[in-house]
>>> print(open('input20.cif').read())   # mmCIF, C-alpha atoms
data_upload
loop_
_atom_site.group_PDB
_atom_site.id
_atom_site.type_symbol
_atom_site.label_atom_id
_atom_site.label_comp_id
_atom_site.auth_asym_id
_atom_site.auth_seq_id
_atom_site.Cartn_x
_atom_site.Cartn_y
_atom_site.Cartn_z
ATOM 1 C CA ALA A 20 80.626 109.123 94.418
ATOM 2 C CA GLU A 21 82.994 112.054 94.242
ATOM 3 C CA GLY A 22 84.665 112.428 90.839
ATOM 4 C CA GLY A 23 82.628 109.580 89.338
ATOM 5 C CA ALA A 24 84.651 106.850 91.034
ATOM 6 C CA ASP A 25 82.859 104.292 93.168
ATOM 7 C CA ASP A 26 84.394 104.233 96.663
ATOM 8 C CA ARG A 27 84.048 100.439 96.792
ATOM 9 C CA TYR A 28 86.859 100.206 94.273
ATOM 10 C CA ALA A 29 90.454 99.846 95.364
ATOM 11 C CA VAL A 30 92.996 102.294 94.057
ATOM 12 C CA GLY A 31 96.508 101.208 93.249
ATOM 13 C CA VAL A 32 99.567 102.666 91.584
ATOM 14 C CA ASP A 33 100.614 101.446 88.161
ATOM 15 C CA GLY A 34 104.354 101.043 88.512
ATOM 16 C CA GLY A 35 104.945 101.175 84.771
ATOM 17 C CA SER A 36 103.380 104.562 84.151
ATOM 18 C CA GLY A 37 103.219 105.865 87.705
ATOM 19 C CA GLY A 38 99.503 106.451 87.139
ATOM 20 C CA VAL A 39 96.605 105.426 89.311
ATOM 21 C CA VAL A 40 94.798 102.159 88.589
ATOM 22 C CA VAL A 41 91.252 101.580 89.786
ATOM 23 C CA LEU A 42 90.592 97.953 90.646
ATOM 24 C CA PRO A 43 87.102 96.440 91.008
ATOM 25 C CA PRO A 44 85.939 95.365 94.470
ATOM 26 C CA PHE A 45 86.632 91.813 95.601
ATOM 27 C CA GLU A 46 82.998 90.933 95.041
ATOM 28 C CA THR A 47 83.954 90.928 91.345
ATOM 29 C CA PHE A 48 86.436 88.109 91.927
ATOM 30 C CA PHE A 49 84.542 86.405 94.753
ATOM 31 C CA PRO A 50 80.853 87.061 93.975
ATOM 32 C CA ALA A 51 78.506 87.544 96.898
ATOM 33 C CA PRO A 52 76.096 84.597 97.136
ATOM 34 C CA GLU A 53 73.030 86.872 97.080
ATOM 35 C CA THR A 54 70.543 84.047 96.596
ATOM 36 C CA VAL A 55 71.638 81.889 99.528
ATOM 37 C CA LYS A 56 70.371 82.767 102.986
ATOM 38 C CA PRO A 57 72.553 81.469 105.797
ATOM 39 C CA SER A 58 70.956 78.830 107.963
ATOM 40 C CA ARG A 59 71.519 77.734 111.524
ATOM 41 C CA GLU A 60 73.215 74.600 110.172
ATOM 42 C CA MET A 61 75.636 76.710 108.145
ATOM 43 C CA ALA A 62 76.448 78.835 111.207
ATOM 44 C CA ILE A 63 77.116 75.717 113.280
ATOM 45 C CA LYS A 64 79.626 74.555 110.669
ATOM 46 C CA TRP A 65 81.264 77.993 110.375
ATOM 47 C CA ARG A 66 81.904 78.392 114.083
ATOM 48 C CA THR A 67 84.159 75.308 114.103
ATOM 49 C CA SER A 68 87.053 77.170 112.461
ATOM 50 C CA LEU A 69 88.009 80.127 110.352
ATOM 51 C CA ARG A 70 89.046 77.681 107.628
ATOM 52 C CA ALA A 71 85.512 76.211 107.536
ATOM 53 C CA LEU A 72 84.031 79.697 107.392
ATOM 54 C CA LEU A 73 86.278 80.870 104.554
ATOM 55 C CA ALA A 74 85.721 77.664 102.554
ATOM 56 C CA ASP A 75 82.014 78.497 102.266
ATOM 57 C CA PRO A 76 81.208 81.335 99.823
ATOM 58 C CA VAL A 77 78.304 82.491 101.991
ATOM 59 C CA GLY A 78 80.406 82.361 105.155
ATOM 60 C CA LEU A 79 83.244 84.219 103.448
ATOM 61 C CA HIS A 80 80.860 86.939 102.281
ATOM 62 C CA LEU A 81 79.384 87.366 105.756
ATOM 63 C CA PHE A 82 82.829 87.441 107.363
ATOM 64 C CA GLN A 83 83.855 90.165 104.894
ATOM 65 C CA GLN A 84 80.751 92.152 105.866
ATOM 66 C CA PHE A 85 81.587 91.725 109.536
ATOM 67 C CA CYS A 86 85.179 92.851 108.978
ATOM 68 C CA ARG A 87 83.948 95.937 107.123
ATOM 69 C CA SER A 88 81.529 96.726 109.944
ATOM 70 C CA GLU A 89 84.424 96.478 112.421
ATOM 71 C CA PHE A 90 86.687 98.577 110.176
ATOM 72 C CA CYS A 91 89.251 95.762 110.016
ATOM 73 C CA ASP A 92 88.794 94.435 106.499
ATOM 74 C CA GLU A 93 92.409 94.881 105.417
ATOM 75 C CA ASN A 94 93.356 91.434 106.763
ATOM 76 C CA ILE A 95 90.651 89.470 104.943
ATOM 77 C CA SER A 96 91.236 91.547 101.801
ATOM 78 C CA PHE A 97 94.968 90.767 101.932
ATOM 79 C CA TRP A 98 94.290 87.079 102.570
ATOM 80 C CA LEU A 99 91.928 86.932 99.564
ATOM 81 C CA GLU A 100 94.348 88.754 97.281
ATOM 82 C CA VAL A 101 97.095 86.261 98.133
ATOM 83 C CA GLU A 102 94.649 83.413 97.409
ATOM 84 C CA ALA A 103 93.932 85.010 94.018
ATOM 85 C CA LEU A 104 97.685 85.360 93.421
ATOM 86 C CA LYS A 105 98.180 81.636 94.051
ATOM 87 C CA ALA A 106 95.446 80.719 91.567
ATOM 88 C CA GLY A 107 96.152 83.390 88.948
ATOM 89 C CA PRO A 108 97.907 82.996 85.620
ATOM 90 C CA ALA A 109 101.715 83.097 85.615
ATOM 91 C CA ARG A 110 101.787 86.138 83.336
ATOM 92 C CA GLU A 111 100.032 88.205 86.054
ATOM 93 C CA VAL A 112 102.178 87.163 89.026
ATOM 94 C CA ALA A 113 104.721 90.009 88.976
ATOM 95 C CA GLY A 114 102.013 92.658 88.651
ATOM 96 C CA ARG A 115 99.851 91.143 91.362
ATOM 97 C CA VAL A 116 102.790 90.825 93.753
ATOM 98 C CA LYS A 117 103.645 94.475 93.205
ATOM 99 C CA ASP A 118 100.000 95.554 93.691
ATOM 100 C CA ILE A 119 99.663 93.540 96.913
ATOM 101 C CA TYR A 120 102.905 94.968 98.250
ATOM 102 C CA VAL A 121 101.890 98.553 97.481
ATOM 103 C CA LYS A 122 98.406 98.138 98.891
ATOM 104 C CA TYR A 123 99.192 96.241 102.131
ATOM 105 C CA LEU A 124 102.917 96.072 102.873
ATOM 106 C CA GLY A 125 104.801 99.032 101.472
ATOM 107 C CA PRO A 126 105.969 102.068 103.438
ATOM 108 C CA ILE A 127 102.941 104.081 102.310
ATOM 109 C CA ALA A 128 100.490 101.170 102.010
ATOM 110 C CA LEU A 129 96.886 102.075 101.230
ATOM 111 C CA GLN A 130 95.526 99.407 103.609
ATOM 112 C CA PRO A 131 98.440 98.479 105.849
ATOM 113 C CA ILE A 132 98.355 95.165 107.649
ATOM 114 C CA ASN A 133 100.036 94.678 111.007
ATOM 115 C CA ILE A 134 102.793 92.065 110.797
ATOM 116 C CA ASP A 135 106.016 91.414 112.683
ATOM 117 C CA GLN A 136 109.472 92.300 111.407
ATOM 118 C CA ALA A 137 110.298 88.745 110.299
ATOM 119 C CA ALA A 138 107.166 88.637 108.111
ATOM 120 C CA ARG A 139 107.949 92.126 106.791
ATOM 121 C CA SER A 140 111.430 90.920 105.754
ATOM 122 C CA MET A 141 109.919 87.908 103.988
ATOM 123 C CA ALA A 142 107.431 90.193 102.222
ATOM 124 C CA GLU A 143 110.290 92.351 100.984
ATOM 125 C CA ARG A 144 112.075 89.253 99.648
ATOM 126 C CA ASP A 145 108.857 88.085 97.964
ATOM 127 C CA ARG A 146 108.417 91.509 96.352
ATOM 128 C CA LEU A 147 111.863 91.222 94.789
ATOM 129 C CA MET A 148 111.366 87.606 93.630
ATOM 130 C CA PRO A 149 107.665 87.326 92.698
ATOM 131 C CA SER A 150 106.061 83.901 92.407
ATOM 132 C CA HIS A 151 102.701 82.237 93.009
ATOM 133 C CA GLU A 152 103.961 81.503 96.532
ATOM 134 C CA SER A 153 104.793 85.135 97.316
ATOM 135 C CA PHE A 154 103.491 86.413 100.660
ATOM 136 C CA GLY A 155 102.624 82.887 101.852
ATOM 137 C CA ALA A 156 104.333 83.369 105.225
ATOM 138 C CA VAL A 157 102.674 86.752 105.689
ATOM 139 C CA GLN A 158 99.314 85.246 104.717
ATOM 140 C CA ALA A 159 99.798 82.520 107.342
ATOM 141 C CA GLN A 160 100.516 85.158 109.995
ATOM 142 C CA ILE A 161 97.396 87.123 108.979
ATOM 143 C CA PHE A 162 95.312 83.937 109.046
ATOM 144 C CA THR A 163 96.505 83.237 112.597
ATOM 145 C CA LEU A 164 95.693 86.796 113.630
ATOM 146 C CA MET A 165 92.197 86.557 112.126
ATOM 147 C CA SER A 166 91.661 83.160 113.801
ATOM 148 C CA LYS A 167 92.603 84.466 117.227
ATOM 149 C CA ASP A 168 90.895 87.844 116.987
ATOM 150 C CA THR A 169 88.394 88.726 114.253
ATOM 151 C CA PHE A 170 86.954 85.231 113.871
ATOM 152 C CA ARG A 171 86.393 84.926 117.623
ATOM 153 C CA ARG A 172 84.615 88.279 117.687
ATOM 154 C CA PHE A 173 82.550 87.222 114.656
ATOM 155 C CA VAL A 174 81.285 83.990 116.236
ATOM 156 C CA SER A 175 80.822 85.686 119.616
ATOM 157 C CA SER A 176 78.778 88.566 118.275
ATOM 158 C CA PRO A 177 75.191 88.774 119.549
ATOM 159 C CA ARG A 178 73.862 88.683 116.019
ATOM 160 C CA PHE A 179 75.816 85.549 115.096
ATOM 161 C CA ARG A 180 74.498 83.918 118.275
ATOM 162 C CA ARG A 181 70.955 84.810 117.162
ATOM 163 C CA LEU A 182 71.693 83.212 113.782
ATOM 164 C CA LEU A 183 72.781 80.067 115.658
ATOM 165 C CA GLU A 184 69.519 80.174 117.597
ATOM 166 C CA GLY A 185 67.596 80.424 114.337
ATOM 167 C CA SER A 186 66.098 83.796 115.261
ATOM 168 C CA ALA A 187 68.010 86.009 112.832
ATOM 169 C CA ARG A 188 68.991 86.201 109.225
ATOM 170 C CA TRP A 189 72.067 87.861 107.794
ATOM 171 C CA SER A 190 71.572 90.772 105.449
ATOM 172 C CA THR A 191 73.393 90.584 102.118
ATOM 173 C CA VAL A 192 73.503 94.372 102.014
ATOM 174 C CA HIS A 193 76.915 95.872 102.766
ATOM 175 C CA ASP A 194 76.436 97.249 106.243
ATOM 176 C CA ARG A 195 78.987 99.247 108.240
ATOM 177 C CA THR A 196 77.258 98.941 111.590
ATOM 178 C CA ALA A 197 78.818 97.711 114.786
ATOM 179 C CA SER A 198 76.314 94.852 114.646
ATOM 180 C CA GLY A 199 78.241 93.013 111.958
ATOM 181 C CA GLY A 200 75.595 93.151 109.233
ATOM 182 C CA LEU A 201 72.927 90.944 110.752
ATOM 183 C CA ALA A 202 69.270 91.797 110.516
ATOM 184 C CA ASP A 203 66.691 90.343 112.869
ATOM 185 C CA ALA A 204 63.971 87.956 111.698
ATOM 186 C CA ALA A 205 61.465 90.794 111.394
ATOM 187 C CA GLY A 206 63.718 92.397 108.803
ATOM 188 C CA GLY A 207 65.079 95.191 110.971
ATOM 189 C CA GLY A 208 68.729 96.110 111.016
ATOM 190 C CA GLY A 209 71.053 97.466 113.649
ATOM 191 C CA GLY A 210 71.241 96.608 117.293
#
>>> encode(input="input20.cif", output="structure tokens")
Amino acid sequence: AEGGADDRYAVGVDGGSGGVVVLPPFETFFPAPETVKPSREMAIKWRTSLRALLADPVGLHLFQQFCRSEFCDENISFWLEVEALKAGPAREVAGRVKDIYVKYLGPIALQPINIDQAARSMAERDRLMPSHESFGAVQAQIFTLMSKDTFRRFVSSPRFRRLLEGSARWSTVHDRTASGGLADAAGGGGG
């Protein structure tokens, strides 16, 4: 990649020094289940709800791939970062809250998410009073948006339908195609 930096890495601003901080991709925190191939049974379970999909590491990974292929991965990335904030050590809360705000919610956010004014006001309050619960209301709004939009497109995609029919497998390779990252049973991509 240009300048030696890998473009899969997120870039943030270190508020203390004003310098740039390079963060590893989410796969570092939520490893891709490379050895598990999704089955028809898994797909049947995933299509019941976004919550069921995100609770499964394989389903989560495939949903992330789909979001990347649709160029709408800021919502799932935000949702995951807030999950990590909730589970992270107390000593990291203030820094994580600031990073999330800068990356997704600030006036010059790197990956801005689309939220209403009430959620934006709550995010501003959470930024000023960081806690493990920060951005919970915004996360709920993003979850609802993903449930009503991205998740429906995911389970309605032709490739997901083929997975349900047992005639396709999902590629674990990061794929930015409009197909959502599925490969057909013969091993081909695209389509």
>>> atom_distance(input="input20.cif", atom1="atom CA of Thr169 of chain A", atom2="atom CA of Asp145 of chain A")
26.2 Å
>>> closest_atom_pairs(input="input20.cif", of="segment 94-181 of chain A", to="segment 80-89 of chain A", cutoff="12 Å", atoms="all atoms listed in the file", output="Markdown table")
| residue | atom | partner | partner_atom | distance |
| --- | --- | --- | --- | --- |
| A:Asn94 | CA | A:Cys86 | CA | 8.6 |
| A:Ile95 | CA | A:Gln83 | CA | 6.8 |
| A:Ser96 | CA | A:Gln83 | CA | 8.1 |
| A:Phe97 | CA | A:Gln83 | CA | 11.5 |
| A:Trp98 | CA | A:Gln83 | CA | 11.1 |
| A:Leu99 | CA | A:Gln83 | CA | 10.2 |
| A:Met165 | CA | A:Cys86 | CA | 9.9 |
| A:Ser166 | CA | A:Phe82 | CA | 11.7 |
| A:Asp168 | CA | A:Cys86 | CA | 11.0 |
| A:Thr169 | CA | A:Cys86 | CA | 7.4 |
| A:Phe170 | CA | A:Phe82 | CA | 8.0 |
| A:Arg171 | CA | A:Phe82 | CA | 11.1 |
| A:Arg172 | CA | A:Phe85 | CA | 9.4 |
| A:Phe173 | CA | A:Phe85 | CA | 6.9 |
| A:Val174 | CA | A:Phe82 | CA | 9.6 |
| A:Ser175 | CA | A:Phe85 | CA | 11.8 |
| A:Ser176 | CA | A:Phe85 | CA | 9.7 |
| A:Arg178 | CA | A:Phe85 | CA | 10.5 |
| A:Phe179 | CA | A:Phe85 | CA | 10.1 |
>>> atom_distance(input="input20.cif", atom1="atom CA of Arg139 of chain A", atom2="atom CA of Ala74 of chain A")
26.9 Å
>>> residues_near_point(input="input20.cif", point="(98.9, 82.2, 104.7)", cutoff="12 Å", atoms="all atoms listed in the file", output="NGL selection string")
:A and (70 or 94-95 or 97-102 or 104-105 or 138 or 142 or 152-166)
>>> atom_distance(input="input20.cif", atom1="atom CA of Ala109 of chain A", atom2="atom CA of Met141 of chain A")
20.7 Å
>>> closest_residue(input="input20.cif", among="A:Glu93, A:Met61, A:Leu147, A:Ala106", to="Tyr123 of chain A", atoms="all atoms listed in the file")
A:Glu93
>>> closest_residue(input="input20.cif", among="A:Ile127, A:Ala103, A:Cys91, A:Val77", to="Arg115 of chain A", atoms="all atoms listed in the file")
A:Ala103
>>> closest_residue(input="input20.cif", among="A:Leu183, A:Ala137, A:Leu129, A:Met148", to="Ala62 of chain A", atoms="all atoms listed in the file")
A:Leu183
>>> closest_residue(input="input20.cif", among="A:Arg181, A:Leu73, A:Gly125, A:Gln130", to="Glu143 of chain A", atoms="all atoms listed in the file")
A:Gly125
>>> closest_residue(input="input20.cif", among="A:Trp65, A:Pro126, A:Ile132, A:Gly114", to="His151 of chain A", atoms="all atoms listed in the file")
A:Gly114
>>> residues_around(input="input20.cif", residues="Pro149 of chain A", least_positions_apart="5", cutoff="8 Å", atoms="only C-alpha atoms", output="list in words")
Val112, Ala113 and Val116 of chain A
>>> write_last_selection(input="input20.cif", atoms="C-alpha atoms", output="short mmCIF file (atom, residue, chain, number, x, y, z; two decimals), keeping the file's coordinate frame")
data_model
loop_
_atom_site.label_atom_id
_atom_site.label_comp_id
_atom_site.auth_asym_id
_atom_site.auth_seq_id
_atom_site.Cartn_x
_atom_site.Cartn_y
_atom_site.Cartn_z
CA VAL A 112 102.18 87.16 89.03
CA ALA A 113 104.72 90.01 88.98
CA VAL A 116 102.79 90.82 93.75
#
